[in-house]
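Report on one structure; see the data block that follows.
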Amino acid sequence: MQLEFSGEIWFWRGPAPWYFVTVPEPECLDLQASSAYVSYGWGMIPVTAQIGGTEWTTSLFPKDGRYIVPLKTVVRSAESLDEGDTVVIQLTVAD
């Protein structure tokens with residue numbers, strides 16, 4: 001499954017601070033339909049993600065009935081991204 005969407009980068013200031021983008025509701029419904037086949041521990045979904053020319057592997061986290069994409073520091077640095085920026089993300093769900 002491949003998805004493309006745009007979203008705003010937000011920062012979580014918890015005990016392990018991290019940057020995320022929330023997957024929009026329509027795409028979350030598609031992901032939920034396939035999650036039974038690809039999900040592992042706590043409902044995580046393994047994906048390959050891409051923003052601009054930067055591609056990386058990660059897992060989507062379930063949060064408040066939706067999914068969030070964690071953005072690694074190397075991705076944010078390579079694409080000159082920061083909190084509040086809107087990005088276009090392409091996701092490929094791992095088989």
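Following the order of the structure tokens, first chain is A, next is B, and so on, with residues numbered from 1 inside each chain and ligands from 1 in the order they appear.
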**Asked** So which residues touch Val93 of chain A within 7 Å, counting only C-alpha atoms, skipping near sequence neighbours fewer than 3 positions away, as a PyMOL selection string?
**Response** chain A and resi 1-2+46-48
**Prompt:** Can you list, as an NGL selection string, every protein, DNA or RNA residue that comes within 8 Å of segment 77-89 of chain A when you count only C-alpha atoms, leaving out same-chain residues fewer than 3 positions away?
**Reply:** :A and (4-11 or 19 or 49-54 or 73-74)
Residue selection dump (N, CA and C atoms) as a short mmCIF file (atom, residue, chain, number, x, y, z; two decimals), in the first residue's frame:
```
data_model
loop_
_atom_site.label_atom_id
_atom_site.label_comp_id
_atom_site.auth_asym_id
_atom_site.auth_seq_id
_atom_site.Cartn_x
_atom_site.Cartn_y
_atom_site.Cartn_z
N GLU A 4 0.09 9.12 0.02
CA GLU A 4 0.75 10.42 -0.01
C GLU A 4 -0.21 11.43 0.62
N PHE A 5 0.32 12.25 1.50
CA PHE A 5 -0.50 13.25 2.17
C PHE A 5 0.40 14.38 2.65
N SER A 6 -0.22 15.48 3.05
CA SER A 6 0.54 16.58 3.64
C SER A 6 0.09 16.77 5.08
N GLY A 7 1.00 17.29 5.88
CA GLY A 7 0.69 17.54 7.29
C GLY A 7 1.72 18.45 7.91
N GLU A 8 1.37 18.97 9.06
CA GLU A 8 2.24 19.89 9.78
C GLU A 8 3.10 19.14 10.80
N ILE A 9 4.36 19.53 10.88
CA ILE A 9 5.28 18.93 11.85
C ILE A 9 4.98 19.49 13.23
N TRP A 10 4.85 18.60 14.21
CA TRP A 10 4.65 19.03 15.59
C TRP A 10 5.67 18.34 16.49
N PHE A 11 5.91 18.96 17.63
CA PHE A 11 6.95 18.49 18.56
C PHE A 11 6.30 17.99 19.83
N TYR A 19 9.79 14.69 17.00
CA TYR A 19 8.97 15.40 16.02
C TYR A 19 8.11 14.39 15.26
N ALA A 49 9.21 5.77 4.46
CA ALA A 49 8.67 7.12 4.32
C ALA A 49 9.62 7.96 3.47
N GLN A 50 9.05 8.97 2.81
CA GLN A 50 9.88 9.88 2.02
C GLN A 50 9.31 11.29 2.10
N ILE A 51 10.22 12.23 2.33
CA ILE A 51 9.92 13.66 2.24
C ILE A 51 11.00 14.24 1.33
N GLY A 52 10.57 14.90 0.27
CA GLY A 52 11.55 15.44 -0.67
C GLY A 52 12.42 14.33 -1.21
N GLY A 53 13.75 14.52 -1.14
CA GLY A 53 14.67 13.51 -1.62
C GLY A 53 15.16 12.57 -0.53
N THR A 54 14.58 12.65 0.66
CA THR A 54 15.05 11.84 1.79
C THR A 54 14.07 10.71 2.08
N THR A 73 15.95 13.06 13.15
CA THR A 73 16.76 14.27 13.05
C THR A 73 17.45 14.36 11.70
N VAL A 74 17.97 13.24 11.21
CA VAL A 74 18.66 13.25 9.92
C VAL A 74 17.73 13.68 8.79
#
```
**Asked** Counting only C-alpha atoms, what is within 7 Å of Val23 of chain A, bar same-chain residues fewer than 2 positions away, as a count of residues only?
**Response** 7
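Using only C-alpha atoms, the smallest distance between any of A:Thr22, A:Ala94, A:Asp30, A:Trp12 and Ser59 of chain A comes from A:Ala94.
Taking atom CA of Tyr40 of chain A and atom CA of Thr92 of chain A as endpoints, the distance between them is 16.0 Å.
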**Request:** Any chance you could list, as an NGL selection string, the residues in chain A that come up strand (DSSP E) when DSSP is run on the backbone?
**Result:** :A and (2-12 or 18-22 or 45-51 or 54-63 or 66-71 or 86-93)
Hey, can you spit out that residue selection with C-alpha atoms as an mmCIF file, in the first residue's frame?
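And here's out.cif as it stands now:
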```cif
data_model
loop_
_atom_site.group_PDB
_atom_site.id
_atom_site.type_symbol
_atom_site.label_atom_id
_atom_site.label_comp_id
_atom_site.auth_asym_id
_atom_site.auth_seq_id
_atom_site.Cartn_x
_atom_site.Cartn_y
_atom_site.Cartn_z
ATOM 1 C CA GLN A 2 1.252 3.479 -0.874
ATOM 2 C CA LEU A 3 -0.073 6.752 0.491
ATOM 3 C CA GLU A 4 0.746 10.420 -0.008
ATOM 4 C CA PHE A 5 -0.499 13.253 2.175
ATOM 5 C CA SER A 6 0.542 16.581 3.636
ATOM 6 C CA GLY A 7 0.691 17.536 7.285
ATOM 7 C CA GLU A 8 2.243 19.890 9.784
ATOM 8 C CA ILE A 9 5.284 18.927 11.845
ATOM 9 C CA TRP A 10 4.654 19.032 15.592
ATOM 10 C CA PHE A 11 6.946 18.491 18.556
ATOM 11 C CA TRP A 12 6.199 16.224 21.503
ATOM 12 C CA TRP A 18 10.430 13.815 19.183
ATOM 13 C CA TYR A 19 8.968 15.396 16.016
ATOM 14 C CA PHE A 20 5.918 13.915 14.266
ATOM 15 C CA VAL A 21 3.391 14.435 11.485
ATOM 16 C CA THR A 22 -0.167 13.156 12.019
ATOM 17 C CA ILE A 45 2.902 -0.289 11.292
ATOM 18 C CA PRO A 46 6.302 -0.587 9.551
ATOM 19 C CA VAL A 47 6.720 1.770 6.577
ATOM 20 C CA THR A 48 9.218 3.356 4.246
ATOM 21 C CA ALA A 49 8.672 7.122 4.320
ATOM 22 C CA GLN A 50 9.878 9.876 2.019
ATOM 23 C CA ILE A 51 9.924 13.657 2.242
ATOM 24 C CA THR A 54 15.045 11.844 1.793
ATOM 25 C CA GLU A 55 13.782 8.296 2.359
ATOM 26 C CA TRP A 56 13.909 6.321 5.609
ATOM 27 C CA THR A 57 12.360 3.324 7.324
ATOM 28 C CA THR A 58 10.255 3.820 10.429
ATOM 29 C CA SER A 59 7.014 2.691 12.037
ATOM 30 C CA LEU A 60 3.749 4.564 12.395
ATOM 31 C CA PHE A 61 2.580 4.948 15.991
ATOM 32 C CA PRO A 62 -1.138 4.747 16.838
ATOM 33 C CA LYS A 63 -2.271 7.860 18.721
ATOM 34 C CA ARG A 66 -5.009 7.930 14.176
ATOM 35 C CA TYR A 67 -1.376 7.310 13.250
ATOM 36 C CA ILE A 68 1.675 9.532 13.560
ATOM 37 C CA VAL A 69 4.900 9.493 11.541
ATOM 38 C CA PRO A 70 8.103 10.056 13.549
ATOM 39 C CA LEU A 71 10.615 12.345 11.816
ATOM 40 C CA THR A 86 3.951 21.582 6.321
ATOM 41 C CA VAL A 87 5.404 18.635 4.413
ATOM 42 C CA VAL A 88 4.268 16.134 1.796
ATOM 43 C CA ILE A 89 4.965 12.581 2.941
ATOM 44 C CA GLN A 90 4.916 9.443 0.860
ATOM 45 C CA LEU A 91 4.482 6.173 2.745
ATOM 46 C CA THR A 92 4.886 2.600 1.579
ATOM 47 C CA VAL A 93 3.586 0.027 4.045
#
```
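Among the candidate residues A:Met44, A:Val38, A:Val75, A:Gly65, the one lying nearest to Pro24 of chain A is A:Gly65, with distances computed using only C-alpha atoms.
Counting from atom CA of Leu31 of chain A, the distance to atom CA of Lys72 of chain A is 21.2 Å.
Atom CA of Ala16 of chain A sits 18.5 Å away from atom CA of Asp64 of chain A.
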